[in-house]
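Engineer: After the structure tokens below, expect a handful of questions from me.
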Amino acid sequence: MPDTRPNMEFNESGICTACVFAKQSRTEIDWEARKKDLHAIAQWARENNHGGYDCAIGVSGGKDSTFQALYARDELGLNCLLANCYPDGITEVGKRNLQNLASHGFDMVSWRPNPKIWRALTRRSFYEYGNPVKPSEYPLFAITYQTALAYRIPLIIQGENPGLTLGTTKGYGKDDNAFNIAMGNTLRGGNASDWVGDGIELKNLLLYQFPDKEDMEKAGIRAIYLQFYVKEWSPDHNAEFSIRHGLRGREDHMWQRLGKYGRYGSVDSDFQLFNPMIKYYKFGESRWTEYCSKKIRSGEMTREEAIQLVKKWDGYCDEEHIKKCCDYMEITVEEFWREMEEKWINKELFEKDKKGKWLPLFTPGVDSDEDAVAAYTGGRDERV
């Protein structure tokens with residue numbers, strides 16, 4: 001992972017937090033003790049549920065939320081209320097997966113933010129932040145916390161702590177405290193007032209407001225990351241588990257370029273293919289860097305294999321999806337690339353060739369601290 005990504009944290013040897021955590025997972029963490037702690041939390045939730053639901057889980061119907069919901073119910077014995085933020089322009093497979101999860105026997109509330117507001121904010125966010133999905137992250141997370149507060153549900157179960165899987169612990173922290181989800185670079189505190197303007201008032205943004213942490217704590221609500229307690233948590237494990245329970249992946253041609261289980265990640269919105277391309281031009285890393293880094297840490301891929309995949313696919317998005325997302329923002333593809341060139345393509349990382357194509361000035365896996373890599377691997381390119 002490169003230091004160009006916001007909120008990355010490295011130790012004195014240049015190793016990111018995600019690699020440190022991966023090594024601790026294999027050699028230092030007592031997973032049986034953590035499982036006992038998790039069951040104690042579940043027992044506490046059942047004893048403090050005010051006669052209703054034990055926990056609230058934010059779901060999209062994808063691989064992670066399917067695993068979360070079934071694990072919370074079947075392994076922890078919790079009575080779960082699933083909370084869904086229904087994205088504007090949801091894909092057909094996204095609809096199907098959401099229905100599949102509910103059909104396993106769950107109560108679910110699905111909130112749909114005003115699509116006109118959503119579209120206006122998506123367009124504005126691209127121009128202001130170079131991140132069209134930024135405003136959609138607010139209701140995506142806030143709705144689960146709002147639901148827990150409204151129904152007096154004592155426990156919120158999130159999936160992974162991005163700090164521990166990506167190394168961005170400067171925002172998310174290193175523990176199980178999922179209240180910190182609002183402190184990442186995208187949410188920046190989760191205040192709906194961030195989006196007031198251009199005719200949009202605070203009253204139009206109620207679903208975008210992350211509840212005050214003190215109010216939730218006064219209500220006796222606790223929020224945890226399931227990944228912190230469950231050893232088997234990983235993108236591939238969750239995909240395999242969820243496929244066995246009816247999950248479907250993308251069936252268009254794009255899935256072939258998303259890796260073995262990439263077709264099962266972020267399937268409910270086409271912006272989840274579009275935005276990583278924008279991020280790549282801003283920071284020099286995107287979906288494939290993150291995916292391959294996780295595979296190296298788990299021992300399922302060598303560094304050399306990862307480098308070749310990142311060179312080939314990181315930042316890729318085909319013209320069809322670029323056009324579809326530009327149409328949604330009501331801008332032309334030409335206008336999109338003009339804005340990218342003027343404001344968002346990092347000229348220290350990319351240069352334009354004679355044909356007008358933006359090419360990286362860096363080489364993945366080479367423009368990195370090789371001494372740090374050697375210190376972590378013991379001088380070997382091992383399957384960690």
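Convention: chains lettered A, B, ... in structure tokens order; per-chain residue numbering from 1; ligands numbered from 1 as shown.
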Which stretch 166-207 of chain A residues have any atom within 6 Å of an atom of stretch 6-22 of chain A, and for each, what is the nearest pair of atoms with distance in Å to one decimal, counting only C-alpha atoms, rows sorted by chain and number, as a tab-separated table?

Structural biologist:
residue	atom	partner	partner_atom	distance
A:Leu166	CA	A:Ala18	CA	5.4
A:Gly167	CA	A:Ala18	CA	4.4
A:Thr168	CA	A:Met8	CA	4.2
A:Lys170	CA	A:Asn7	CA	5.0
A:Gly171	CA	A:Asn7	CA	6.0

Engineer: So that I can check the surroundings of stretch 348-358 of chain A, please list as a count of residues only every protein, DNA and RNA residue that reaches within 10 Å of it, counting only C-alpha atoms and ignoring chain neighbours fewer than 5 positions away.

Structural biologist: 8

Engineer: Counting only C-alpha atoms, which residue out of A:Thr91, A:Asn204, A:Asn131, A:Ser60 sits closest to A:Asn185?

Structural biologist: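 Going through A:Thr91, A:Asn204, A:Asn131, A:Ser60 one by one, the smallest distance to A:Asn185 is for A:Asn131.
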
Engineer: Could you pull out the alpha helix (DSSP H) residues of stretch 45-270 of chain A from DSSP and send them as a VMD selection string?

Structural biologist: chain A and resid 45 to 47 63 to 74 92 to 103 115 to 129 134 to 151 162 to 166 169 to 172 213 to 218 235 to 244

Engineer: Print the selection's residues with C-alpha atoms to a file, as a CSV table (one decimal), in the first residue's frame.

Structural biologist:
chain,number,residue,atom,x,y,z
A,45,ALA,CA,-26.9,-7.6,24.0
A,46,ARG,CA,-29.6,-10.2,24.7
A,47,GLU,CA,-29.8,-9.0,28.3
A,63,LYS,CA,-20.8,-11.1,0.6
A,64,ASP,CA,-19.7,-9.3,3.8
A,65,SER,CA,-23.2,-8.4,5.0
A,66,THR,CA,-24.6,-11.9,4.2
A,67,PHE,CA,-21.9,-13.4,6.3
A,68,GLN,CA,-22.4,-10.9,9.1
A,69,ALA,CA,-26.1,-11.4,9.4
A,70,LEU,CA,-26.0,-15.2,9.3
A,71,TYR,CA,-23.1,-15.3,11.7
A,72,ALA,CA,-24.8,-13.0,14.2
A,73,ARG,CA,-28.0,-15.0,14.1
A,74,ASP,CA,-26.7,-18.6,13.8
A,92,GLU,CA,-30.5,-6.1,-10.9
A,93,VAL,CA,-28.1,-8.5,-9.2
A,94,GLY,CA,-28.0,-6.1,-6.2
A,95,LYS,CA,-31.8,-6.3,-5.9
A,96,ARG,CA,-31.6,-10.1,-6.1
A,97,ASN,CA,-29.0,-10.4,-3.4
A,98,LEU,CA,-30.9,-8.2,-1.1
A,99,GLN,CA,-34.0,-10.3,-1.5
A,100,ASN,CA,-31.9,-13.5,-1.0
A,101,LEU,CA,-30.6,-12.3,2.3
A,102,ALA,CA,-34.0,-11.4,3.6
A,103,SER,CA,-35.3,-14.7,2.5
A,115,PRO,CA,-33.0,10.1,-5.6
A,116,LYS,CA,-33.0,13.7,-6.8
A,117,ILE,CA,-30.9,14.8,-3.9
A,118,TRP,CA,-28.7,11.8,-4.3
A,119,ARG,CA,-28.0,12.6,-8.0
A,120,ALA,CA,-27.4,16.3,-7.3
A,121,LEU,CA,-24.9,15.4,-4.5
A,122,THR,CA,-23.2,12.8,-6.7
A,123,ARG,CA,-22.5,15.4,-9.4
A,124,ARG,CA,-21.4,18.1,-6.9
A,125,SER,CA,-19.2,15.7,-5.0
A,126,PHE,CA,-17.3,14.8,-8.2
A,127,TYR,CA,-16.6,18.5,-8.9
A,128,GLU,CA,-15.7,19.4,-5.3
A,129,TYR,CA,-13.9,16.3,-4.1
A,134,LYS,CA,-18.7,10.3,-1.1
A,135,PRO,CA,-22.2,11.6,-0.3
A,136,SER,CA,-23.7,8.1,-0.7
A,137,GLU,CA,-21.4,6.9,2.1
A,138,TYR,CA,-23.1,9.1,4.6
A,139,PRO,CA,-26.6,7.4,4.6
A,140,LEU,CA,-25.0,4.0,3.8
A,141,PHE,CA,-23.5,4.0,7.3
A,142,ALA,CA,-25.6,6.5,9.2
A,143,ILE,CA,-28.9,4.7,8.6
A,144,THR,CA,-27.7,1.6,10.6
A,145,TYR,CA,-26.8,3.8,13.6
A,146,GLN,CA,-30.1,5.8,13.3
A,147,THR,CA,-32.0,2.5,13.2
A,148,ALA,CA,-30.3,1.3,16.4
A,149,LEU,CA,-31.1,4.6,18.2
A,150,ALA,CA,-34.7,4.6,17.0
A,151,TYR,CA,-35.5,1.0,18.0
A,162,PRO,CA,-10.8,-0.5,7.2
A,163,GLY,CA,-7.8,0.6,9.3
A,164,LEU,CA,-6.8,-3.0,10.0
A,165,THR,CA,-7.4,-4.3,6.4
A,166,LEU,CA,-6.0,-1.3,4.5
A,169,THR,CA,-5.7,3.5,11.1
A,170,LYS,CA,-5.2,7.3,11.4
A,171,GLY,CA,-8.9,7.6,10.8
A,172,TYR,CA,-10.5,4.3,11.9
A,213,LYS,CA,-21.7,9.3,19.6
A,214,GLU,CA,-22.6,10.6,23.1
A,215,ASP,CA,-26.3,10.2,22.4
A,216,MET,CA,-25.8,6.6,21.3
A,217,GLU,CA,-23.6,5.8,24.3
A,218,LYS,CA,-26.2,7.4,26.7
A,235,PRO,CA,-13.1,-11.2,1.4
A,236,ASP,CA,-12.6,-14.7,-0.1
A,237,HIS,CA,-14.0,-16.5,2.9
A,238,ASN,CA,-17.0,-14.3,3.0
A,239,ALA,CA,-17.6,-14.7,-0.7
A,240,GLU,CA,-17.4,-18.5,-0.5
A,241,PHE,CA,-19.7,-18.6,2.5
A,242,SER,CA,-22.3,-16.3,0.9
A,243,ILE,CA,-22.2,-18.1,-2.5
A,244,ARG,CA,-23.2,-21.2,-0.6

Engineer: Of the residues A:Val366, A:Met329, A:Ile345, A:Met1, which is the one nearest to A:Pro132, using only C-alpha atoms?

Structural biologist: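 Closest candidate: A:Met329.
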
Engineer: Nearest to A:Trp337 among A:Arg26, A:Asn48, A:Gly130, A:Arg5, with distances taken over only C-alpha atoms: which residue is it?

Structural biologist: A:Gly130

Engineer: Grab the atom CA of A:Gly77 to atom CA of A:Leu38 distance for me, in Å with one decimal place.

Structural biologist: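 Result for atom CA of A:Gly77 versus atom CA of A:Leu38: 11.5 Å, one decimal.
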
Engineer: Under the rule that only C-alpha atoms are counted, which of A:Leu273, A:Cys326, A:Val230, A:Leu206 is the nearest residue to A:Arg250?

Structural biologist: A:Leu273

Engineer: Which polymer residues have any atom within 6 Å of an atom of stretch 54-58 of chain A, counting only C-alpha atoms, with same-chain residues fewer than 5 positions away left out, as a PyMOL selection string?

Structural biologist: chain A and resi 45-46+49+78-84+144+148+153+155-157

Engineer: Just the residues within 12 Å of A:Ala306, please, counting only C-alpha atoms, with nothing from its chain fewer than 2 positions along; format it as a PyMOL selection string.

Structural biologist: chain A and resi 1+259+288-297+299-304+308-314+364-365+381+383

Engineer: Save out the residues we just selected, N, CA and C atoms, as a compact mmCIF listing (two decimals), in the first residue's frame.

Structural biologist:
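Okay, this is what ended up in selection.txt:
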# COMPACT_ATOMS: atom_id res chain seq x y z
N MET A 1 0.85 -1.20 0.00
CA MET A 1 0.00 0.00 0.00
C MET A 1 0.88 1.24 0.00
N GLY A 259 -11.06 -10.31 -10.72
CA GLY A 259 -10.48 -11.33 -9.87
C GLY A 259 -11.47 -12.44 -9.57
N TRP A 288 -7.39 -3.05 -7.16
CA TRP A 288 -6.50 -4.19 -7.31
C TRP A 288 -5.31 -4.13 -6.35
N THR A 289 -4.80 -2.94 -6.07
CA THR A 289 -3.74 -2.82 -5.07
C THR A 289 -4.23 -3.33 -3.73
N GLU A 290 -5.44 -2.93 -3.36
CA GLU A 290 -5.99 -3.33 -2.07
C GLU A 290 -6.27 -4.83 -2.02
N TYR A 291 -6.87 -5.36 -3.10
CA TYR A 291 -7.19 -6.79 -3.16
C TYR A 291 -5.93 -7.64 -3.11
N CYS A 292 -4.94 -7.29 -3.94
CA CYS A 292 -3.72 -8.09 -3.98
C CYS A 292 -2.92 -7.98 -2.68
N SER A 293 -2.95 -6.82 -2.05
CA SER A 293 -2.26 -6.68 -0.76
C SER A 293 -2.84 -7.64 0.26
N LYS A 294 -4.17 -7.74 0.28
CA LYS A 294 -4.82 -8.68 1.20
C LYS A 294 -4.43 -10.12 0.87
N LYS A 295 -4.33 -10.45 -0.42
CA LYS A 295 -3.99 -11.80 -0.82
C LYS A 295 -2.55 -12.15 -0.46
N ILE A 296 -1.65 -11.17 -0.55
CA ILE A 296 -0.27 -11.40 -0.13
C ILE A 296 -0.23 -11.68 1.37
N ARG A 297 -0.95 -10.87 2.13
CA ARG A 297 -0.94 -11.03 3.60
C ARG A 297 -1.50 -12.37 4.03
N GLY A 299 -1.23 -15.08 2.38
CA GLY A 299 -0.40 -16.15 1.88
C GLY A 299 -0.91 -16.81 0.63
N GLU A 300 -1.91 -16.23 -0.03
CA GLU A 300 -2.51 -16.85 -1.21
C GLU A 300 -1.94 -16.31 -2.52
N MET A 301 -1.01 -15.36 -2.44
CA MET A 301 -0.44 -14.78 -3.65
C MET A 301 0.96 -14.27 -3.32
N THR A 302 1.89 -14.46 -4.25
CA THR A 302 3.22 -13.90 -4.04
C THR A 302 3.22 -12.43 -4.44
N ARG A 303 4.24 -11.74 -4.00
CA ARG A 303 4.35 -10.32 -4.33
C ARG A 303 4.51 -10.14 -5.84
N GLU A 304 5.29 -11.04 -6.48
CA GLU A 304 5.49 -10.94 -7.93
C GLU A 304 4.19 -11.12 -8.68
N GLN A 308 2.12 -8.04 -11.07
CA GLN A 308 1.67 -8.20 -12.46
C GLN A 308 0.19 -7.89 -12.60
N LEU A 309 -0.62 -8.34 -11.64
CA LEU A 309 -2.06 -8.07 -11.69
C LEU A 309 -2.34 -6.58 -11.51
N VAL A 310 -1.63 -5.95 -10.59
CA VAL A 310 -1.83 -4.52 -10.34
C VAL A 310 -1.44 -3.71 -11.58
N LYS A 311 -0.32 -4.06 -12.20
CA LYS A 311 0.10 -3.37 -13.42
C LYS A 311 -0.97 -3.45 -14.50
N LYS A 312 -1.60 -4.60 -14.60
CA LYS A 312 -2.54 -4.84 -15.69
C LYS A 312 -3.90 -4.23 -15.44
N TRP A 313 -4.41 -4.29 -14.19
CA TRP A 313 -5.81 -3.99 -13.97
C TRP A 313 -6.12 -2.84 -13.02
N ASP A 314 -5.17 -2.41 -12.21
CA ASP A 314 -5.53 -1.37 -11.23
C ASP A 314 -5.96 -0.10 -11.95
N PRO A 364 4.51 -0.24 -9.85
CA PRO A 364 4.05 -0.93 -8.65
C PRO A 364 5.06 -1.97 -8.17
N GLY A 365 5.32 -1.95 -6.87
CA GLY A 365 6.24 -2.91 -6.28
C GLY A 365 7.70 -2.57 -6.42
N ASP A 381 10.58 -13.48 -0.58
CA ASP A 381 9.24 -13.21 -1.11
C ASP A 381 8.40 -14.43 -0.72
N ARG A 383 5.14 -16.65 0.96
CA ARG A 383 3.67 -16.61 1.03
C ARG A 383 3.33 -16.43 2.50

Engineer: Just checking: using only C-alpha atoms, which residue out of A:Arg34, A:His104, A:Lys203, A:Arg188 ends up closest to A:His245?

Structural biologist: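 Looking only at the distances to A:His245, the closest residue turns out to be A:His104.
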